[in-house]
Every structure is written in structure tokens, then in C-alpha cells.
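See below for query.cif, which holds mmCIF, C-alpha atoms, pLDDT in the B column; chains and numbers go by the auth columns.
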data_input
#
loop_
_atom_site.group_PDB
_atom_site.id
_atom_site.type_symbol
_atom_site.label_atom_id
_atom_site.label_comp_id
_atom_site.label_asym_id
_atom_site.label_seq_id
_atom_site.Cartn_x
_atom_site.Cartn_y
_atom_site.Cartn_z
_atom_site.B_iso_or_equiv
_atom_site.auth_seq_id
_atom_site.auth_asym_id
ATOM 1 C CA MET A 1 38.197 -30.516 -34.032 37.00 812 A
ATOM 2 C CA LEU A 2 39.226 -34.095 -34.675 39.00 813 A
ATOM 3 C CA LEU A 3 41.457 -35.808 -32.204 39.00 814 A
ATOM 4 C CA LEU A 4 43.590 -38.634 -33.426 39.00 815 A
ATOM 5 C CA ALA A 5 44.935 -41.241 -31.080 39.00 816 A
ATOM 6 C CA LEU A 6 47.823 -43.519 -31.837 38.00 817 A
ATOM 7 C CA THR A 7 47.400 -46.986 -30.579 41.00 818 A
ATOM 8 C CA ALA A 8 50.296 -49.202 -29.639 43.00 819 A
ATOM 9 C CA CYS A 9 50.315 -52.688 -31.039 45.00 820 A
ATOM 10 C CA GLY A 10 47.063 -52.085 -32.767 46.00 821 A
ATOM 11 C CA GLY A 11 45.634 -54.845 -34.841 47.00 822 A
ATOM 12 C CA GLY A 12 43.637 -52.641 -37.080 47.00 823 A
ATOM 13 C CA PRO A 13 42.110 -49.258 -37.401 49.00 824 A
ATOM 14 C CA GLU A 14 39.942 -48.141 -34.539 47.00 825 A
ATOM 15 C CA PRO A 15 36.407 -47.169 -35.450 46.00 826 A
ATOM 16 C CA GLN A 16 35.950 -43.417 -35.526 51.00 827 A
ATOM 17 C CA THR A 17 33.399 -41.847 -33.212 47.00 828 A
ATOM 18 C CA ALA A 18 32.135 -38.345 -32.935 48.00 829 A
ATOM 19 C CA PRO A 19 34.333 -36.211 -30.748 47.00 830 A
ATOM 20 C CA THR A 20 33.054 -35.601 -27.274 47.00 831 A
ATOM 21 C CA SER A 21 33.682 -32.745 -24.900 45.00 832 A
ATOM 22 C CA PRO A 22 36.749 -33.040 -22.648 45.00 833 A
ATOM 23 C CA ALA A 23 34.629 -33.399 -19.549 47.00 834 A
ATOM 24 C CA THR A 24 32.789 -36.473 -20.872 47.00 835 A
ATOM 25 C CA SER A 25 35.416 -38.202 -23.024 45.00 836 A
ATOM 26 C CA PRO A 26 36.711 -41.481 -21.678 47.00 837 A
ATOM 27 C CA PRO A 27 40.434 -41.873 -21.122 46.00 838 A
ATOM 28 C CA PRO A 28 42.287 -43.413 -24.047 46.00 839 A
ATOM 29 C CA ALA A 29 42.373 -47.202 -23.874 47.00 840 A
ATOM 30 C CA SER A 30 46.024 -47.506 -24.647 47.00 841 A
ATOM 31 C CA GLY A 31 48.851 -45.704 -26.323 47.00 842 A
ATOM 32 C CA THR A 32 49.926 -42.153 -25.864 45.00 843 A
ATOM 33 C CA PRO A 33 47.660 -40.172 -23.572 48.00 844 A
ATOM 34 C CA LEU A 34 45.850 -37.243 -25.141 47.00 845 A
ATOM 35 C CA PRO A 35 46.896 -33.792 -24.053 50.00 846 A
ATOM 36 C CA GLU A 36 44.573 -32.418 -21.451 53.00 847 A
ATOM 37 C CA THR A 37 42.378 -29.605 -22.657 49.00 848 A
ATOM 38 C CA LYS A 38 40.619 -27.212 -20.353 53.00 849 A
ATOM 39 C CA ALA A 39 37.273 -25.678 -20.986 51.00 850 A
ATOM 40 C CA PRO A 40 37.411 -21.895 -20.903 52.00 851 A
ATOM 41 C CA GLU A 41 36.780 -20.622 -17.413 55.00 852 A
ATOM 42 C CA THR A 42 33.571 -18.746 -16.916 53.00 853 A
ATOM 43 C CA LYS A 43 33.349 -16.183 -14.211 55.00 854 A
ATOM 44 C CA ALA A 44 30.153 -15.752 -12.261 51.00 855 A
ATOM 45 C CA PRO A 45 28.714 -12.273 -12.696 50.00 856 A
ATOM 46 C CA GLU A 46 29.441 -9.888 -9.866 50.00 857 A
ATOM 47 C CA THR A 47 26.633 -8.908 -7.592 47.00 858 A
ATOM 48 C CA LYS A 48 25.907 -5.238 -8.075 50.00 859 A
ATOM 49 C CA ASP A 49 23.679 -4.813 -5.073 49.00 860 A
ATOM 50 C CA PRO A 50 24.315 -1.394 -3.476 48.00 861 A
ATOM 51 C CA GLU A 51 22.808 -2.646 -0.206 51.00 862 A
ATOM 52 C CA THR A 52 25.433 -5.386 0.145 48.00 863 A
ATOM 53 C CA LYS A 53 27.825 -4.795 2.995 53.00 864 A
ATOM 54 C CA ASP A 54 30.579 -6.856 1.374 51.00 865 A
ATOM 55 C CA PRO A 55 33.029 -4.351 -0.191 49.00 866 A
ATOM 56 C CA GLU A 56 33.967 -6.901 -2.862 54.00 867 A
ATOM 57 C CA THR A 57 30.480 -6.958 -4.346 48.00 868 A
ATOM 58 C CA ARG A 58 29.294 -3.442 -3.591 48.00 869 A
ATOM 59 C CA THR A 59 29.639 -0.983 -6.464 49.00 870 A
ATOM 60 C CA SER A 60 30.428 2.686 -6.258 50.00 871 A
ATOM 61 C CA GLU A 61 27.593 3.495 -8.652 57.00 872 A
ATOM 62 C CA THR A 62 25.027 4.026 -5.920 61.00 873 A
ATOM 63 C CA LYS A 63 23.075 7.197 -6.421 70.00 874 A
ATOM 64 C CA ALA A 64 23.216 9.800 -3.728 71.00 875 A
ATOM 65 C CA PRO A 65 19.857 11.221 -2.724 75.00 876 A
ATOM 66 C CA THR A 66 18.932 14.347 -4.625 73.00 877 A
ATOM 67 C CA PRO A 67 19.528 17.318 -2.353 75.00 878 A
ATOM 68 C CA ARG A 68 16.468 19.348 -1.552 77.00 879 A
ATOM 69 C CA PRO A 69 16.536 22.912 -2.828 78.00 880 A
ATOM 70 C CA ALA A 70 17.252 25.520 -0.191 88.00 881 A
ATOM 71 C CA LEU A 71 14.160 27.205 1.162 94.00 882 A
ATOM 72 C CA ALA A 72 14.063 30.964 0.752 93.00 883 A
ATOM 73 C CA ARG A 73 12.969 33.088 3.692 95.00 884 A
ATOM 74 C CA PRO A 74 10.717 36.144 3.713 96.00 885 A
ATOM 75 C CA GLY A 75 12.355 39.057 1.934 96.00 886 A
ATOM 76 C CA THR A 76 14.229 36.858 -0.565 97.00 887 A
ATOM 77 C CA VAL A 77 13.863 37.937 -4.189 97.00 888 A
ATOM 78 C CA CYS A 78 13.815 34.743 -6.241 97.00 889 A
ATOM 79 C CA GLY A 79 14.021 36.212 -9.720 97.00 890 A
ATOM 80 C CA GLU A 80 12.268 38.226 -12.383 97.00 891 A
ATOM 81 C CA ILE A 81 9.441 37.313 -14.712 95.00 892 A
ATOM 82 C CA GLN A 82 7.575 39.034 -17.509 92.00 893 A
ATOM 83 C CA PRO A 83 3.842 39.168 -16.836 90.00 894 A
ATOM 84 C CA PRO A 84 1.622 38.896 -19.927 86.00 895 A
ATOM 85 C CA GLY A 85 1.092 41.878 -22.160 83.00 896 A
ATOM 86 C CA SER A 86 3.375 44.851 -22.352 80.00 897 A
ATOM 87 C CA GLY A 87 3.452 45.369 -18.600 79.00 898 A
ATOM 88 C CA PRO A 88 6.554 45.959 -16.534 85.00 899 A
ATOM 89 C CA MET A 89 8.892 43.194 -15.377 93.00 900 A
ATOM 90 C CA ALA A 90 8.048 41.735 -11.976 96.00 901 A
ATOM 91 C CA ALA A 91 10.289 40.606 -9.139 98.00 902 A
ATOM 92 C CA VAL A 92 9.124 37.367 -7.521 98.00 903 A
ATOM 93 C CA ALA A 93 9.789 37.363 -3.775 98.00 904 A
ATOM 94 C CA VAL A 94 8.887 35.446 -0.632 98.00 905 A
ATOM 95 C CA ALA A 95 6.579 37.521 1.582 98.00 906 A
ATOM 96 C CA ALA A 96 5.806 34.944 4.306 98.00 907 A
ATOM 97 C CA GLY A 97 6.824 31.392 5.125 97.00 908 A
ATOM 98 C CA ARG A 98 9.541 29.477 3.305 97.00 909 A
ATOM 99 C CA ILE A 99 9.674 28.107 -0.232 97.00 910 A
ATOM 100 C CA ASP A 100 12.325 27.160 -2.772 96.00 911 A
ATOM 101 C CA CYS A 101 12.719 29.843 -5.432 97.00 912 A
ATOM 102 C CA ARG A 102 12.274 27.433 -8.346 96.00 913 A
ATOM 103 C CA THR A 103 8.755 26.636 -7.138 97.00 914 A
ATOM 104 C CA ALA A 104 7.940 30.315 -6.621 97.00 915 A
ATOM 105 C CA LEU A 105 9.034 31.247 -10.143 98.00 916 A
ATOM 106 C CA ARG A 106 7.302 28.244 -11.706 97.00 917 A
ATOM 107 C CA THR A 107 4.064 29.108 -9.861 98.00 918 A
ATOM 108 C CA PHE A 108 3.980 32.650 -11.246 97.00 919 A
ATOM 109 C CA ARG A 109 4.991 31.590 -14.763 97.00 920 A
ATOM 110 C CA THR A 110 2.131 29.090 -14.770 97.00 921 A
ATOM 111 C CA TYR A 111 -0.292 31.630 -13.295 97.00 922 A
ATOM 112 C CA TYR A 112 0.578 34.211 -15.955 96.00 923 A
ATOM 113 C CA ARG A 113 0.182 31.780 -18.883 95.00 924 A
ATOM 114 C CA ALA A 114 -2.774 32.626 -21.107 94.00 925 A
ATOM 115 C CA ASP A 115 -4.108 29.049 -20.937 95.00 926 A
ATOM 116 C CA THR A 116 -4.388 29.074 -17.114 96.00 927 A
ATOM 117 C CA PRO A 117 -8.117 29.506 -16.337 97.00 928 A
ATOM 118 C CA LYS A 118 -8.773 32.578 -14.206 97.00 929 A
ATOM 119 C CA GLN A 119 -11.974 33.910 -12.643 97.00 930 A
ATOM 120 C CA GLY A 120 -13.236 37.424 -12.050 97.00 931 A
ATOM 121 C CA SER A 121 -11.522 40.779 -12.377 95.00 932 A
ATOM 122 C CA ALA A 122 -8.753 39.692 -9.966 96.00 933 A
ATOM 123 C CA GLY A 123 -7.886 36.703 -12.168 96.00 934 A
ATOM 124 C CA VAL A 124 -8.209 34.234 -9.304 98.00 935 A
ATOM 125 C CA ALA A 125 -6.694 30.838 -10.126 98.00 936 A
ATOM 126 C CA THR A 126 -5.371 27.786 -8.337 98.00 937 A
ATOM 127 C CA VAL A 127 -1.942 26.764 -9.595 97.00 938 A
ATOM 128 C CA GLY A 128 -0.388 23.615 -8.136 96.00 939 A
ATOM 129 C CA GLY A 129 -2.239 24.135 -4.857 97.00 940 A
ATOM 130 C CA TRP A 130 -1.405 27.866 -4.731 98.00 941 A
ATOM 131 C CA LEU A 131 -4.316 30.356 -4.708 98.00 942 A
ATOM 132 C CA CYS A 132 -3.245 33.284 -6.871 98.00 943 A
ATOM 133 C CA ALA A 133 -4.867 36.630 -7.608 98.00 944 A
ATOM 134 C CA SER A 134 -3.824 39.906 -9.249 96.00 945 A
ATOM 135 C CA ASN A 135 -4.414 43.526 -8.319 96.00 946 A
ATOM 136 C CA SER A 136 -6.126 45.842 -10.743 93.00 947 A
ATOM 137 C CA ALA A 137 -3.853 48.004 -12.877 90.00 948 A
ATOM 138 C CA ALA A 138 -4.801 51.052 -10.744 93.00 949 A
ATOM 139 C CA GLN A 139 -4.011 49.222 -7.476 95.00 950 A
ATOM 140 C CA ALA A 140 -0.740 47.814 -8.902 93.00 951 A
ATOM 141 C CA ASN A 141 0.335 51.395 -9.834 92.00 952 A
ATOM 142 C CA ILE A 142 -0.280 52.526 -6.248 95.00 953 A
ATOM 143 C CA SER A 143 1.091 49.531 -4.302 96.00 954 A
ATOM 144 C CA GLY A 144 3.617 48.162 -6.773 96.00 955 A
ATOM 145 C CA ARG A 145 2.189 44.673 -6.232 97.00 956 A
ATOM 146 C CA LEU A 146 1.004 42.888 -9.367 96.00 957 A
ATOM 147 C CA SER A 147 -0.022 39.522 -7.928 97.00 958 A
ATOM 148 C CA THR A 148 0.012 37.369 -4.806 98.00 959 A
ATOM 149 C CA CYS A 149 -0.093 33.586 -4.396 98.00 960 A
ATOM 150 C CA ARG A 150 -0.794 31.821 -1.078 98.00 961 A
ATOM 151 C CA LYS A 151 -0.480 28.221 0.069 98.00 962 A
ATOM 152 C CA ALA A 152 -1.016 27.500 3.761 97.00 963 A
ATOM 153 C CA ALA A 153 1.163 30.004 5.685 97.00 964 A
ATOM 154 C CA THR A 154 3.429 30.760 2.701 98.00 965 A
ATOM 155 C CA LYS A 155 2.888 33.826 0.534 98.00 966 A
ATOM 156 C CA ILE A 156 4.819 34.731 -2.604 98.00 967 A
ATOM 157 C CA VAL A 157 4.426 38.006 -4.490 98.00 968 A
ATOM 158 C CA ALA A 158 5.179 39.504 -7.879 98.00 969 A
ATOM 159 C CA ASP A 159 6.048 43.194 -7.516 97.00 970 A
ATOM 160 C CA VAL A 160 6.645 45.812 -10.202 95.00 971 A
ATOM 161 C CA ILE A 161 10.312 46.512 -10.795 93.00 972 A
ATOM 162 C CA PRO A 162 10.642 50.317 -10.866 85.00 973 A
#

Please render this file's structure as C-alpha cells.
Amino acid sequence: MLLLALTACGGGPEPQTAPTSPATSPPPASGTPLPETKAPETKAPETKDPETKDPETRTSETKAPTPRPALARPGTVCGEIQPPGSGPMAAVAVAAGRIDCRTALRTFRTYYRADTPKQGSAGVATVGGWLCASNSAAQANISGRLSTCRKAATKIVADVIP
């Protein structure tokens, strides 16, 4: 933008110079003063630190801690799963200790997957720190218990649903 200045009692044309920013331009030597122009105001970015105690800079976007799943007690049936093959559905339950049901179900689903390596006729396998084993078909028909997984003092079971 070109700024033109009128000079009073000027003897000749003033030499033209490149415009300068308002903060560095010298005041006009004589004549009508130039209108003052302001540089656009820039606002400092707000601090978005959730640890800040100042309510002006603290945001409400702090994440609440993820609640821990409720731990099921002995006797709690966590859900049903389908063991491999054409066998009956199984109810996954807590037999001893405490565990969240999501972990119990996930443990048995992983144990029953065909790609989980198992040993011996009981299909012994370690799944996420759980030691799991299955009863024989004859024993499962008598007891109703298909499989058991143990970790420390916690025991989860998969029982036949009649």
C-alpha cells in the first residue's frame, strides 16, 4: 500500500521511498500527519496444561482415569462360549479368587483357539499367565466341567450348559 503525504510549502516533489511498517516509519517531516495505523493484534496461545492450577489456563479436556473393571467373585457366571468342535456351549464362571469377567472370557476364547499350542491329552496350555487344562470327554460328561484355568489363587472354569 502506498502512502502519500502532502507537504506544506513544498519546493518540489519529495523523493519516493519504499513504504515501511508503521512501527518503524519516521513521523512525517511536515504537513498533515498520517493517520495512525495499528498492526493486527496477536493473541498469545493459551496454555493447555491440565496440571495448571490457574482456572483461566486449565482446560476441561483432561482425561479421567479409565475405571477398572469390577472383579467378579466366586460363583459369578461371566458368560457363555462355544468350545471348538460340535460340543455343547460352556458357561465361564469364577470358581475361586476374583477376576474381571472380560479377562475370564478372553482367557477361555484364547485357550480354545486351534492355534493355541496344547500338550498332552488334557490339552495343557499357558494363556496369558493362566495354566489351563481340559477334562476328557468322559470326565466332562460325568462332572459337567470342560476346562479349568488357574493363576495364583484364582480359578476360572468352563462348565457344560445342560

Step by step, work through what the PyMOL selection byres ((chain A and resi 926-939) around 12) selects in the shown file, and finish by giving those residues as a compact mmCIF listing (two decimals) with C-alpha atoms, in the frame of the given file.
# COMPACT_ATOMS: atom_id res chain seq x y z
CA PRO A 895 1.62 38.90 -19.93
CA THR A 914 8.76 26.64 -7.14
CA ALA A 915 7.94 30.32 -6.62
CA LEU A 916 9.03 31.25 -10.14
CA ARG A 917 7.30 28.24 -11.71
CA THR A 918 4.06 29.11 -9.86
CA PHE A 919 3.98 32.65 -11.25
CA ARG A 920 4.99 31.59 -14.76
CA THR A 921 2.13 29.09 -14.77
CA TYR A 922 -0.29 31.63 -13.30
CA TYR A 923 0.58 34.21 -15.96
CA ARG A 924 0.18 31.78 -18.88
CA ALA A 925 -2.77 32.63 -21.11
CA GLY A 940 -2.24 24.14 -4.86
CA TRP A 941 -1.40 27.87 -4.73
CA LEU A 942 -4.32 30.36 -4.71
CA CYS A 943 -3.24 33.28 -6.87
CA ALA A 944 -4.87 36.63 -7.61
CA SER A 945 -3.82 39.91 -9.25
CA ASN A 946 -4.41 43.53 -8.32
CA SER A 947 -6.13 45.84 -10.74
CA ALA A 948 -3.85 48.00 -12.88
CA GLN A 950 -4.01 49.22 -7.48
CA ALA A 951 -0.74 47.81 -8.90
CA LEU A 957 1.00 42.89 -9.37
CA SER A 958 -0.02 39.52 -7.93
CA THR A 959 0.01 37.37 -4.81
CA CYS A 960 -0.09 33.59 -4.40
CA ARG A 961 -0.79 31.82 -1.08
CA LYS A 962 -0.48 28.22 0.07

_Minimum-distance residue to Asp911 (chain A), chosen among A:Ala881, A:Thr965, A:Gly898, A:Ile892 (using all atoms listed in the file)_ =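 So, comparing all the options, the nearest one is A:Ala881.
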
*Atom pair CA of Val888 (chain A) / CA of Cys912 (chain A): separation (Å)*: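 One can read the CA of Val888 (chain A) to CA of Cys912 (chain A) distance as 8.3 Å.
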
*For region 889-891 of chain A, list every protein, DNA or RNA residue within 6 Å, evaluated using all atoms listed in the file, and leave out those in the same chain fewer than 3 positions away; present the list as a list in words.*
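The contact residues come out as Ala901, Ala902, Val903, Ala904 and Cys912 of chain A.
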
*How many Å separate CA of Arg913 (chain A) from CA of Gln893 (chain A)?*
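Atom-to-atom, CA of Arg913 (chain A) and CA of Gln893 (chain A) are spaced 15.5 Å apart.
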
*Enter the distance from CA of Arg884 (chain A) to CA of Asp970 (chain A), in Å, rounded to one decimal.*
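Interatomic distance, CA of Arg884 (chain A) to CA of Asp970 (chain A): 16.6 Å.
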
*Once the PyMOL selection byres ((chain A and resi 910) around 6) has been applied to the shown file, what residues remain in the selection, as a list in words?*
Leu882, Ala883, Arg909 and Asp911 of chain A

Store the residues picked out above in a file with C-alpha atoms, as an mmCIF file, in the frame of the given file.
data_model
loop_
_atom_site.group_PDB
_atom_site.id
_atom_site.type_symbol
_atom_site.label_atom_id
_atom_site.label_comp_id
_atom_site.auth_asym_id
_atom_site.auth_seq_id
_atom_site.Cartn_x
_atom_site.Cartn_y
_atom_site.Cartn_z
ATOM 1 C CA LEU A 882 14.160 27.205 1.162
ATOM 2 C CA ALA A 883 14.063 30.964 0.752
ATOM 3 C CA ARG A 909 9.541 29.477 3.305
ATOM 4 C CA ASP A 911 12.325 27.160 -2.772
#

*List every protein, DNA or RNA residue with an atom no more than 8 Å from (9.8, 47.2, -15.4) in the file's coordinates, counting only C-alpha atoms, and format the result as a list in words.*
Gly898, Pro899, Met900, Ala901, Val971, Ile972 and Pro973 of chain A
